[in-house]
Every structure is written in structure tokens, then in C-alpha cells.
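With mmCIF, C-alpha atoms and all ligand atoms inside, this is final.cif:
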data_entry
#
loop_
_atom_site.label_atom_id
_atom_site.label_comp_id
_atom_site.auth_asym_id
_atom_site.auth_seq_id
_atom_site.Cartn_x
_atom_site.Cartn_y
_atom_site.Cartn_z
CA MET A 295 21.27 -1.27 7.40
CA LEU A 296 20.07 1.62 9.51
CA ASN A 297 20.48 1.80 13.29
CA GLY A 298 21.63 -1.82 13.17
CA LYS A 299 18.47 -3.09 11.49
CA LYS A 300 17.48 -4.02 7.96
CA ILE A 301 15.42 -1.37 6.19
CA LEU A 302 11.79 -1.86 5.26
CA TYR A 303 9.85 0.45 2.96
CA SER A 304 6.25 0.64 1.85
CA GLY A 305 3.40 3.01 1.21
CA MET A 306 -0.01 3.59 -0.25
CA GLN A 307 -1.48 6.04 -2.67
CA ALA A 308 -3.42 8.90 -1.14
CA THR A 309 -6.44 8.28 -3.32
CA GLY A 310 -9.85 7.87 -1.71
CA THR A 311 -10.40 6.04 1.55
CA LEU A 312 -8.59 2.81 2.28
CA THR A 313 -10.42 -0.46 1.78
CA LEU A 314 -10.46 -3.65 3.76
CA GLY A 315 -8.15 -5.00 1.02
CA ASN A 316 -5.52 -2.34 1.75
CA TYR A 317 -5.87 -3.07 5.44
CA LEU A 318 -5.74 -6.86 5.43
CA GLY A 319 -3.26 -7.09 2.55
CA ALA A 320 -0.92 -4.41 3.83
CA LEU A 321 -1.50 -2.09 6.77
CA LYS A 322 -2.50 -4.67 9.39
CA ASN A 323 0.67 -6.63 8.70
CA TRP A 324 2.91 -3.59 9.02
CA VAL A 325 2.16 -2.80 12.64
CA LYS A 326 4.70 -5.15 14.25
CA LEU A 327 7.44 -4.96 11.66
CA HIS A 328 9.35 -2.17 13.42
CA GLU A 329 10.48 -4.73 16.00
CA GLU A 330 12.61 -6.39 13.36
CA TYR A 331 13.20 -3.65 10.78
CA GLU A 332 13.83 0.07 10.53
CA CYS A 333 10.53 0.98 8.86
CA LEU A 334 9.58 3.80 6.53
CA TYR A 335 6.06 4.30 5.17
CA GLY A 336 5.13 6.92 2.62
CA VAL A 337 1.89 8.70 1.89
CA MET A 338 2.35 8.29 -1.87
CA ASP A 339 0.79 11.52 -3.01
CA LEU A 340 2.93 11.97 -6.13
CA HIS A 341 1.72 8.60 -7.40
CA SER A 342 -1.88 9.70 -6.80
CA LEU A 343 -1.45 12.46 -9.38
CA THR A 344 -1.45 9.87 -12.15
CA VAL A 345 -5.23 10.05 -11.95
CA ARG A 346 -7.09 13.38 -11.85
CA GLN A 347 -7.60 14.69 -8.33
CA ASN A 348 -9.69 17.46 -6.89
CA ALA A 349 -7.05 19.52 -5.03
CA ALA A 350 -8.99 20.11 -1.81
CA GLU A 351 -10.24 16.55 -1.57
CA PHE A 352 -6.82 15.17 -2.38
CA ARG A 353 -5.19 17.19 0.41
CA LYS A 354 -7.80 15.84 2.82
CA ASN A 355 -7.30 12.26 1.64
CA ALA A 356 -3.55 12.46 2.13
CA ARG A 357 -3.96 13.63 5.73
CA SER A 358 -6.63 11.05 6.31
CA LEU A 359 -4.30 8.33 5.02
CA TYR A 360 -1.61 9.49 7.44
CA ALA A 361 -4.12 9.34 10.31
CA LEU A 362 -5.30 5.89 9.23
CA TYR A 363 -1.73 4.58 9.30
CA VAL A 364 -1.44 5.78 12.87
CA ALA A 365 -4.95 4.65 13.87
CA ALA A 366 -4.23 1.15 12.54
CA GLY A 367 -1.35 0.96 15.00
CA LEU A 368 1.71 2.29 13.18
CA ASP A 369 3.47 4.30 15.86
CA PRO A 370 4.98 7.44 14.26
CA GLU A 371 7.73 7.45 16.89
CA LYS A 372 8.83 3.97 15.90
CA ASN A 373 8.13 4.18 12.16
CA CYS A 374 9.10 6.99 9.84
CA ILE A 375 5.72 7.90 8.30
CA TYR A 376 6.02 10.80 5.89
CA TYR A 377 4.69 12.47 2.74
CA GLN A 378 6.39 11.40 -0.48
CA SER A 379 6.05 14.90 -1.97
CA HIS A 380 7.82 16.45 1.03
CA VAL A 381 11.07 14.71 0.09
CA SER A 382 12.16 16.07 -3.28
CA GLY A 383 14.65 13.22 -3.74
CA HIS A 384 11.85 10.92 -4.93
CA ALA A 385 11.21 12.98 -8.05
CA GLU A 386 14.90 13.65 -8.62
CA LEU A 387 15.96 10.02 -8.36
CA GLY A 388 12.86 9.08 -10.39
CA TRP A 389 14.14 11.13 -13.30
CA ILE A 390 17.61 9.60 -13.18
CA LEU A 391 16.19 6.08 -12.97
CA SER A 392 13.86 6.72 -15.89
CA CYS A 393 17.01 7.03 -17.98
CA PHE A 394 17.90 3.49 -16.90
CA THR A 395 14.51 1.94 -17.61
CA TYR A 396 13.44 0.63 -20.99
CA MET A 397 10.09 1.31 -22.59
CA GLY A 398 9.86 -2.39 -23.37
CA GLU A 399 9.90 -3.11 -19.63
CA LEU A 400 7.23 -0.52 -18.87
CA ASN A 401 5.08 -1.85 -21.71
CA ARG A 402 4.74 -5.13 -19.84
CA MET A 403 3.29 -3.66 -16.64
CA THR A 404 -0.19 -5.01 -16.07
CA GLN A 405 -1.20 -2.21 -13.69
CA PHE A 406 -0.54 0.31 -16.48
CA LYS A 407 -2.69 -1.69 -18.87
CA ASP A 408 -5.52 -1.96 -16.32
CA LYS A 409 -5.39 1.72 -15.39
CA ALA A 410 -5.09 2.86 -19.00
CA ALA A 411 -8.24 0.89 -19.80
CA LYS A 412 -10.01 2.42 -16.81
CA HIS A 413 -8.96 6.01 -17.54
CA ALA A 414 -8.98 5.96 -21.33
CA ASP A 415 -9.40 9.76 -21.43
CA ASN A 416 -6.24 10.37 -19.39
CA ILE A 417 -3.46 7.95 -20.29
CA ASN A 418 -0.68 10.27 -19.16
CA ALA A 419 3.07 9.75 -19.11
CA GLY A 420 3.04 9.61 -15.30
CA LEU A 421 0.80 6.57 -15.38
CA TYR A 422 3.30 4.96 -17.70
CA THR A 423 6.39 5.80 -15.66
CA TYR A 424 4.64 5.08 -12.34
CA PRO A 425 6.88 2.05 -11.67
CA VAL A 426 10.03 4.17 -12.07
CA LEU A 427 8.89 6.55 -9.35
CA MET A 428 8.06 3.55 -7.21
CA ALA A 429 11.57 2.17 -7.80
CA ALA A 430 12.95 5.57 -6.73
CA ASP A 431 10.88 5.45 -3.51
CA ILE A 432 12.34 2.13 -2.57
CA LEU A 433 15.93 2.56 -3.74
CA LEU A 434 16.27 6.04 -2.21
CA TYR A 435 16.12 4.44 1.24
CA GLN A 436 18.24 1.39 0.37
CA ALA A 437 15.33 -0.80 1.44
CA ASP A 438 15.97 -4.50 2.00
CA VAL A 439 12.32 -5.53 2.11
CA VAL A 440 9.10 -4.12 0.71
CA PRO A 441 5.82 -5.49 2.04
CA VAL A 442 3.07 -5.21 -0.60
CA GLY A 443 0.01 -7.04 -1.82
CA VAL A 444 0.44 -9.51 -4.64
CA ASP A 445 -0.73 -6.92 -7.23
CA GLN A 446 2.54 -5.00 -6.73
CA LYS A 447 4.87 -7.94 -7.32
CA GLN A 448 5.62 -6.91 -10.90
CA HIS A 449 6.59 -3.41 -9.75
CA LEU A 450 9.02 -4.94 -7.27
CA GLU A 451 10.56 -7.03 -10.01
CA ILE A 452 11.19 -4.02 -12.22
CA THR A 453 12.65 -2.18 -9.21
CA ARG A 454 15.11 -5.03 -8.72
CA ASP A 455 15.99 -5.02 -12.42
CA ILE A 456 16.64 -1.28 -12.40
CA ALA A 457 18.78 -1.55 -9.24
CA GLN A 458 20.82 -4.41 -10.67
CA ARG A 459 21.32 -2.62 -13.98
CA PHE A 460 22.50 0.51 -12.19
CA ASN A 461 24.78 -1.45 -9.87
CA ALA A 462 26.32 -3.32 -12.81
CA LEU A 463 27.29 0.04 -14.35
CA TYR A 464 28.34 1.98 -11.26
CA GLY A 465 29.21 -0.49 -8.52
CA ASP A 466 27.14 -1.34 -5.48
CA VAL A 467 25.03 1.78 -5.19
CA PHE A 468 21.61 0.32 -4.40
CA THR A 469 20.44 -2.44 -2.11
CA VAL A 470 18.41 -4.87 -4.26
CA PRO A 471 15.08 -5.17 -2.39
CA GLU A 472 12.96 -8.25 -1.78
CA ALA A 473 9.17 -8.25 -1.96
CA TYR A 474 7.47 -9.42 1.20
CA ILE A 475 4.01 -10.71 0.33
CA PRO A 476 1.78 -11.86 3.17
CA LYS A 477 0.31 -15.37 3.03
CA ALA A 478 -3.08 -14.34 4.34
CA GLY A 479 -4.95 -11.42 2.82
CA ALA A 480 -2.52 -10.88 -0.07
CA LYS A 481 -5.45 -10.41 -2.39
CA ILE A 482 -8.86 -9.55 -1.05
CA MET A 483 -11.41 -9.63 -3.84
CA SER A 484 -14.39 -7.43 -4.66
CA LEU A 485 -17.59 -8.38 -2.83
CA GLN A 486 -19.52 -7.98 -6.08
CA ASP A 487 -17.10 -9.69 -8.45
CA PRO A 488 -14.82 -12.10 -6.61
CA LEU A 489 -12.60 -12.44 -9.67
CA LYS A 490 -11.56 -8.76 -9.39
CA LYS A 491 -9.44 -7.31 -6.59
CA MET A 492 -11.15 -5.10 -4.03
CA SER A 493 -10.11 -1.62 -5.08
CA LYS A 494 -10.66 1.81 -3.59
CA SER A 495 -11.41 3.18 -7.02
CA ASP A 496 -14.27 0.74 -7.69
CA GLU A 497 -17.40 2.55 -8.78
CA ASN A 498 -19.76 0.05 -7.18
CA ALA A 499 -19.94 1.01 -3.48
CA ASN A 500 -21.18 -2.47 -2.55
CA ALA A 501 -17.98 -4.03 -3.88
CA THR A 502 -15.69 -2.53 -1.27
CA ILE A 503 -15.61 -2.22 2.49
CA LEU A 504 -14.06 1.11 3.40
CA LEU A 505 -12.14 1.34 6.66
CA LEU A 506 -14.35 4.23 7.74
CA ASP A 507 -17.66 2.49 6.88
CA GLU A 508 -20.20 2.44 9.72
CA LYS A 509 -21.18 -0.91 11.19
CA ASP A 510 -24.56 -0.93 9.39
CA ALA A 511 -22.91 -0.39 6.03
CA VAL A 512 -20.37 -3.13 6.68
CA ILE A 513 -23.07 -5.65 7.56
CA ARG A 514 -25.27 -4.61 4.65
CA LYS A 515 -22.42 -4.96 2.15
CA PHE A 516 -21.50 -8.42 3.41
CA LYS A 517 -25.14 -9.50 3.26
CA ARG A 518 -25.20 -8.45 -0.39
CA ALA A 519 -21.85 -10.05 -1.21
CA VAL A 520 -21.95 -12.30 -4.25
CA THR A 521 -21.55 -15.94 -3.29
CA ASP A 522 -21.48 -19.07 -5.40
CA SER A 523 -23.98 -21.74 -6.27
CA GLY A 524 -24.60 -24.34 -3.58
CA CYS A 525 -24.76 -23.49 0.10
CA GLU A 526 -21.68 -25.03 1.62
CA VAL A 527 -19.03 -22.88 3.32
CA ARG A 528 -15.94 -24.49 1.81
CA TYR A 529 -12.65 -23.10 0.46
CA ALA A 530 -12.35 -24.05 -3.19
CA GLU A 531 -11.23 -22.65 -6.52
CA ASP A 532 -14.70 -23.01 -8.00
CA LYS A 533 -16.12 -21.01 -5.07
CA PRO A 534 -14.33 -17.66 -5.40
CA GLY A 535 -17.02 -15.67 -3.58
CA VAL A 536 -17.15 -17.89 -0.50
CA SER A 537 -13.39 -18.38 -0.51
CA ASN A 538 -12.87 -14.62 -0.47
CA LEU A 539 -15.20 -14.26 2.51
CA MET A 540 -13.33 -17.08 4.24
CA ASP A 541 -10.05 -15.25 3.63
CA ILE A 542 -11.49 -12.10 5.17
CA TYR A 543 -12.97 -13.94 8.13
CA GLY A 544 -9.74 -15.87 8.66
CA CYS A 545 -7.61 -12.69 8.58
CA VAL A 546 -9.82 -10.97 11.11
CA THR A 547 -10.43 -13.83 13.55
CA GLY A 548 -7.19 -15.76 13.08
CA LYS A 549 -9.18 -18.93 12.31
CA SER A 550 -7.96 -21.46 9.74
CA TYR A 551 -10.05 -22.57 6.72
CA GLU A 552 -10.78 -25.89 8.44
CA GLU A 553 -11.97 -24.17 11.59
CA ILE A 554 -14.24 -21.91 9.56
CA GLU A 555 -15.64 -24.84 7.57
CA ARG A 556 -16.40 -26.65 10.82
CA GLU A 557 -17.96 -23.57 12.41
CA PHE A 558 -20.42 -23.12 9.55
CA ASP A 559 -21.03 -26.76 8.72
CA GLY A 560 -24.70 -27.09 7.73
CA ARG A 561 -25.47 -23.42 8.43
CA GLY A 562 -25.62 -21.92 4.93
CA TYR A 563 -24.39 -18.66 3.44
CA GLY A 564 -26.74 -16.26 5.26
CA ASP A 565 -25.34 -17.04 8.71
CA PHE A 566 -21.81 -17.01 7.41
CA LYS A 567 -22.10 -13.62 5.72
CA LEU A 568 -23.56 -12.08 8.85
CA ALA A 569 -20.73 -13.50 10.97
CA VAL A 570 -18.12 -12.08 8.59
CA GLY A 571 -19.83 -8.68 8.69
CA GLU A 572 -19.95 -8.68 12.51
CA ALA A 573 -16.32 -9.72 12.81
CA VAL A 574 -15.12 -7.06 10.38
CA ALA A 575 -17.20 -4.31 12.02
CA GLN A 576 -15.75 -5.31 15.39
CA GLU A 577 -12.21 -5.14 14.03
CA LEU A 578 -12.80 -1.70 12.53
CA GLU A 579 -14.48 -0.09 15.52
CA PRO A 580 -11.36 0.71 17.62
CA LEU A 581 -9.48 1.81 14.53
CA GLN A 582 -12.24 4.27 13.64
CA LYS A 583 -12.35 5.67 17.17
CA LYS A 584 -8.60 6.24 17.19
CA TYR A 585 -8.81 7.78 13.71
CA ARG A 586 -11.34 10.36 14.87
CA GLU A 587 -9.18 11.26 17.88
CA ILE A 588 -6.09 11.75 15.75
CA MET A 589 -7.87 13.83 13.13
CA GLU A 590 -9.17 16.13 15.84
CA ASP A 591 -5.72 16.69 17.34
CA LYS A 592 -4.30 18.98 14.67
CA SER A 593 -1.13 19.98 16.49
CA TYR A 594 -0.20 16.37 17.28
CA LEU A 595 -0.62 15.30 13.68
CA ASP A 596 1.26 18.34 12.34
CA SER A 597 4.17 17.75 14.69
CA VAL A 598 4.64 14.05 13.85
CA ILE A 599 4.35 14.80 10.14
CA SER A 600 7.05 17.46 10.17
CA ALA A 601 9.41 15.48 12.40
CA ASN A 602 9.16 12.44 10.15
CA ASP A 603 9.44 14.45 6.94
CA GLU A 604 12.79 15.71 8.17
CA LYS A 605 13.98 12.27 9.13
CA ALA A 606 13.05 10.82 5.74
CA ALA A 607 14.68 13.71 3.88
CA ALA A 608 17.95 13.15 5.73
CA TYR A 609 18.03 9.43 4.80
CA ALA A 610 17.12 10.20 1.19
CA ALA A 611 19.72 12.90 0.69
CA LYS A 612 22.55 10.45 1.29
CA THR A 613 21.55 8.08 -1.50
CA LEU A 614 20.69 10.87 -3.90
CA ARG A 615 24.11 12.50 -3.47
CA LYS A 616 25.81 9.19 -4.07
CA VAL A 617 23.81 8.55 -7.26
CA GLN A 618 24.39 12.05 -8.64
CA LYS A 619 28.12 11.64 -8.11
CA LYS A 620 28.21 8.19 -9.71
CA VAL A 621 26.44 9.27 -12.89
CA GLY A 622 28.71 12.30 -13.17
CA LEU A 623 26.42 15.20 -12.38
CA THR A 624 28.55 18.15 -11.37
CA GLU A 625 28.44 19.03 -7.71
CA LYS A 626 26.86 22.35 -6.82
CA LEU A 627 29.47 24.91 -5.81
CA ARG A 628 28.91 26.79 -2.61
CA ARG A 629 29.64 30.50 -2.52
CA SER A 630 32.26 31.21 0.06
P1 LIG A 701 -6.44 1.56 -6.59
O1 LIG A 701 -7.51 0.59 -6.44
O2 LIG A 701 -6.88 2.98 -6.58
O3 LIG A 701 -5.48 1.23 -7.67
P2 LIG A 701 -5.36 0.24 -4.38
O4 LIG A 701 -6.57 -0.02 -3.58
O5 LIG A 701 -4.72 -0.86 -5.13
O6 LIG A 701 -5.57 1.50 -5.31
P3 LIG A 701 -2.81 1.13 -3.41
O7 LIG A 701 -2.49 2.38 -2.73
O8 LIG A 701 -2.41 1.02 -4.81
O9 LIG A 701 -4.35 0.85 -3.34
O10 LIG A 701 -2.27 -0.09 -2.58
C1 LIG A 701 -1.81 -0.02 -1.25
C2 LIG A 701 -1.42 -1.38 -0.74
O11 LIG A 701 -2.57 -2.19 -0.55
C3 LIG A 701 -0.50 -2.18 -1.67
O12 LIG A 701 0.44 -2.87 -0.88
C4 LIG A 701 -1.42 -3.15 -2.33
O13 LIG A 701 -0.76 -4.31 -2.74
C5 LIG A 701 -2.42 -3.43 -1.22
N1 LIG A 701 -3.72 -3.82 -1.73
C6 LIG A 701 -4.53 -3.07 -2.50
N2 LIG A 701 -5.67 -3.72 -2.77
C7 LIG A 701 -5.57 -4.92 -2.16
C8 LIG A 701 -6.42 -6.06 -2.08
N3 LIG A 701 -7.60 -6.08 -2.66
N4 LIG A 701 -6.02 -7.12 -1.36
C9 LIG A 701 -4.82 -7.11 -0.74
N5 LIG A 701 -3.97 -6.08 -0.79
C10 LIG A 701 -4.31 -5.00 -1.48
N1 LIG A 702 2.24 1.36 -6.11
C1 LIG A 702 2.00 1.05 -4.74
C2 LIG A 702 2.12 2.22 -3.84
C3 LIG A 702 3.55 2.56 -3.73
C4 LIG A 702 4.53 1.78 -3.05
C5 LIG A 702 5.76 2.47 -3.25
C6 LIG A 702 4.49 0.59 -2.33
C7 LIG A 702 4.16 3.62 -4.28
N2 LIG A 702 5.49 3.56 -3.99
C8 LIG A 702 6.94 1.97 -2.73
C9 LIG A 702 5.71 0.11 -1.81
C10 LIG A 702 6.89 0.78 -2.02
C11 LIG A 702 0.64 0.47 -4.64
O1 LIG A 702 0.42 -0.18 -3.70
N3 LIG A 702 -0.22 0.68 -5.56
#
Encoded form using C-alpha cells:
Amino acid sequence: MLNGKKILYSGMQATGTLTLGNYLGALKNWVKLHEEYECLYGVMDLHSLTVRQNAAEFRKNARSLYALYVAAGLDPEKNCIYYQSHVSGHAELGWILSCFTYMGELNRMTQFKDKAAKHADNINAGLYTYPVLMAADILLYQADVVPVGVDQKQHLEITRDIAQRFNALYGDVFTVPEAYIPKAGAKIMSLQDPLKKMSKSDENANATILLLDEKDAVIRKFKRAVTDSGCEVRYAEDKPGVSNLMDIYGCVTGKSYEEIEREFDGRGYGDFKLAVGEAVAQELEPLQKKYREIMEDKSYLDSVISANDEKAAAYAAKTLRKVQKKVGLTEKLRRS
């Protein structure tokens, strides 16, 4: 508990521009959570280092991610939005927790297997221990709940296992967190291959809608979206392309599958795809405008970043001290 509320923690990697999948599966759902929880959101820049980054571009992406959080409606006065790398406790706790994590557990992680296949020339140890750093992020703040898309469920499970293992050895040190997976938008699929998740690292530009895409690009990409055989707008397992578009349309307009089916009854895929494109472009327009304003106001952005960095560091220090003491690390002596 913090300030009388349960603690909620989440974040995104600062790699590339966010996609509609990141937005509908995560960010959009975060905006109101501060009413119920004490919320912390990280710009997960240390995690981004698991794939090669161009330093200048990376720095820009991290700032852009921060601005997108705020533009999407996360108020930095009501949510602690900060850079992961600005709080050294993440890396320090990450090391300690890696000594309480088994290689057998890490070997089972599907994200590692997927990323290793994708970056065969750079299967580094960080990619392998990625889930341990993620466990440190969450446990450092004693988070009760962690909202993520369904692809992160396995990482939440290993976080719980690590926390329980540590607690069994040292007493109740960590809160064991729960995953909080949204019903709608938990997995938005690629527009070009609806069996694959929409991912910001996809090489095919037509597969992903980026949050900063112009209206024309959004409409064009939806027009080109892969649909299924037949021409009926209906939610079904054997219609992954159409079902994905229905998920997107439903998330953006608030309409149910039945309402969408009724709306497009007898109208065919062309009309439907255009409507989805229009609805998404309309949703993104105010976000993009706010994003541009924030990015232009350097002193505002700098001041909220540093204030929140400090806040996060203060929360983190408490847990880290407790853990160091429990495992028996000698306390630093102060010179008098
Ligand atoms: P990458 O594709 O580079 O691995 P990513 O797009 O998965 O990255 P992350 O930073 O790893 O982005 O994820 C941020 C958040 O967005 C997580 O909560 C994740 O579950 C969610 N998310 C990512 N892609 C989707 C998607 N296609 N549908 C729903 N949620 C998603
Ligand atoms: N691995 C996450 C990003 C992430 C995260 C976290 C999410 C890093 N640390 C802690 C929630 C809590 C992803 O979405 N790919």
C-alpha cells in the first residue's frame, strides 16, 4: 500500500514508436487507473538494450515514449512516470534476483525464444535474463497489480515465482503481484498476418499502425489489411483477419461484436475496413496534437521527468535496502 492505495506498476520498452497494439492493449487502459491505485509507469530503457540501439535514436525514442504516455492521458502529476535507468535500484535488485532464478525457468520463456530467433546474430545474456530485470521492476515497488497485454503473462508468472521463493527464504519481503489483463484489446494482431501479434519491431510497415501515423497512412494500411475468404463481417475463429479488425473497431468505438456485425450486415469488407481506418484515425488525432505540444515544451517535459525520477527512486530505495539486509549484504559505513 502507498498513500492508502494499492500499488500498480507497468511500463513499455523505449524501442521504436508505439503501435496501436501497445495503445489498445495497454496505454489506453492505464489512463483511469490512478483513481483506484497508486500508479507507477516506467520508460523501460534498460530492457531496450537487449536489442542493438543507435544511441541518438534511442535517446529520442525514450523521450518520445514519455511524451506519448502523457499525450495518451497519463497525468504525470497523478502517476509516477519515470525512466527505468534513472533509478539504479532496478539493476541492483535485478542482480540479486538473478541469483534466485533458475536457468530452467528462463529456458521456458517464449519471448526469449521468439526474440532469439529474430535476432540470431545477437542472442545476448540480457535477452535471456530479461524477465529477471522485469521482476525487479515490479518487486522493487511492491506492486499489487501489473496491467500488461497477454504476451507478458508468462513474465508475470515468473515474477510471482521469484517473489514467493524469496519470501519463503526471508519472510514477507515482496508483495506477490497479480497480472491485470484487459478483456478487450489484450492482443491486437498484425494487419498483414493476423496470426502474429502487432509488434513495433515488425519489418513490414503495412502490418502495424503506429500511434504517430498520419491519417492517410492509417486509412491506407487498413485498406490493405489481410482479411479472410468470404465477405461477411462476423467474429469467428476461422476469420482471424476480420476478427482482429472487429477487436480494433470495438476498442475504439466501444461497440460490441453484435453491434458491429449488425452495422456491417450485407456491406462487405471494403466498407468495413474504411470505417475501421476512419475510427482509428479519429481516435489518434487528439493524441498526436497533444504529443506535438508536449514535445515542443522542453522545460515542462524536463521538469516532470526529474520530479518523477526522484519520487520513484525514493520508493525503490526502501525495498532495495530491505532486500540487501535480508540477504546479508553488509551495510555501507558512513564516515563520521
Ligand atoms: P516488440 O514488438 O519490440 O517486442 P512490443 O510492441 O511488444 O515490443 P512492449 O514494450 O514489449 O512492446 O510492450 C508494451 C505493452 O504493450 C505490454 O503491456 C504489451 O503486453 C502490450 N502489447 C504489445 N503488443 C501488443 C499487441 N499487439 N496487442 C496488445 N497489447 C500489446
Ligand atoms: N516486458 C514488458 C515491458 C516491461 C514491463 C516491466 C511491463 C518491462 N518491465 C514491468 C510491466 C512491468 C513488455 O511489455 N514487453
Just want the residues within 8 Å of ligand LIG 702 (chain A), written as number ranges by chain, counting all atoms listed in the file. A: 303-307, 336, 338, 341, 424-425, 427-429, 431-432, 440-443, 445-446, 449
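Protein and nucleic acid residues near (-24.0, -8.4, 2.8) are Leu485, Asn500, Ala511, Val512, Ile513, Arg514, Lys515, Phe516, Lys517, Arg518, Ala519, Val520, Gly564, Lys567, Leu568 and Gly571 of chain A, the criterion being any atom at most 9 Å away using all atoms listed in the file.
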Ranking A:Glu497, A:Asp415, A:Glu329, A:Glu557 by minimum distance to ligand LIG 701 (chain A) and counting only C-alpha atoms and all ligand atoms, which one comes first?
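So, comparing all the options, the nearest one is A:Glu497.
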Ligand LIG 701 (chain A) neighbours within 7 Å using all atoms listed in the file, as a count of residues only: 30
Exercise. For the atom pair CA of Pro370 (chain A) and CA of Glu508 (chain A), what is the interatomic distance in Å to one decimal place?
Worked result: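 Between these atoms lies a distance of 26.1 Å.
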Let me make sure I understand: among A:Ala419, A:Ile301, A:Cys393, A:Leu387, which one has the smallest atom-to-atom distance to Leu434 (chain A) if we use all atoms listed in the file?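 Answer, going by the shortest atom-to-atom distance: A:Leu387.
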- Which one of A:Ala414, A:Ile456, A:Leu334, A:Ile599 sits closest to Ser392 (chain A) if you count only C-alpha atoms?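 For Ser392 (chain A), the nearest of the given residues is A:Ile456.
When only C-alpha atoms are used to compute distances to Leu296 (chain A), the closest of the residues A:Gln436, A:Gln448, A:Thr395, A:Asn373 turns out to be A:Gln436.
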Enumerate, as a PDB file with C-alpha atoms, in the coordinates of the input, the protein, DNA and RNA residues whose atoms approach (-0.4, 15.1, -14.3) to within 9 Å, taking into account all atoms listed in the file and the coordinate frame of the file.
ATOM      1  CA  LEU A 343      -1.450  12.460  -9.380  1.00  0.00           C
ATOM      2  CA  THR A 344      -1.450   9.870 -12.150  1.00  0.00           C
ATOM      3  CA  VAL A 345      -5.230  10.050 -11.950  1.00  0.00           C
ATOM      4  CA  ARG A 346      -7.090  13.380 -11.850  1.00  0.00           C
ATOM      5  CA  ASN A 418      -0.680  10.270 -19.160  1.00  0.00           C
ATOM      6  CA  ALA A 419       3.070   9.750 -19.110  1.00  0.00           C
ATOM      7  CA  GLY A 420       3.040   9.610 -15.300  1.00  0.00           C
ATOM      8  CA  LEU A 421       0.800   6.570 -15.380  1.00  0.00           C
TER       9      LEU A 421
END
Give me the residues within 10 Å of Glu386 (chain A) as a PDB file with C-alpha atoms, in the frame of the given file, counting only C-alpha atoms and dropping any in the same chain fewer than 4 places off.
ATOM      1  CA  VAL A 381      11.070  14.710   0.090  1.00  0.00           C
ATOM      2  CA  SER A 382      12.160  16.070  -3.280  1.00  0.00           C
ATOM      3  CA  ILE A 390      17.610   9.600 -13.180  1.00  0.00           C
ATOM      4  CA  LEU A 391      16.190   6.080 -12.970  1.00  0.00           C
ATOM      5  CA  LEU A 427       8.890   6.550  -9.350  1.00  0.00           C
ATOM      6  CA  ALA A 430      12.950   5.570  -6.730  1.00  0.00           C
ATOM      7  CA  LEU A 614      20.690  10.870  -3.900  1.00  0.00           C
ATOM      8  CA  GLN A 618      24.390  12.050  -8.640  1.00  0.00           C
TER       9      GLN A 618
END
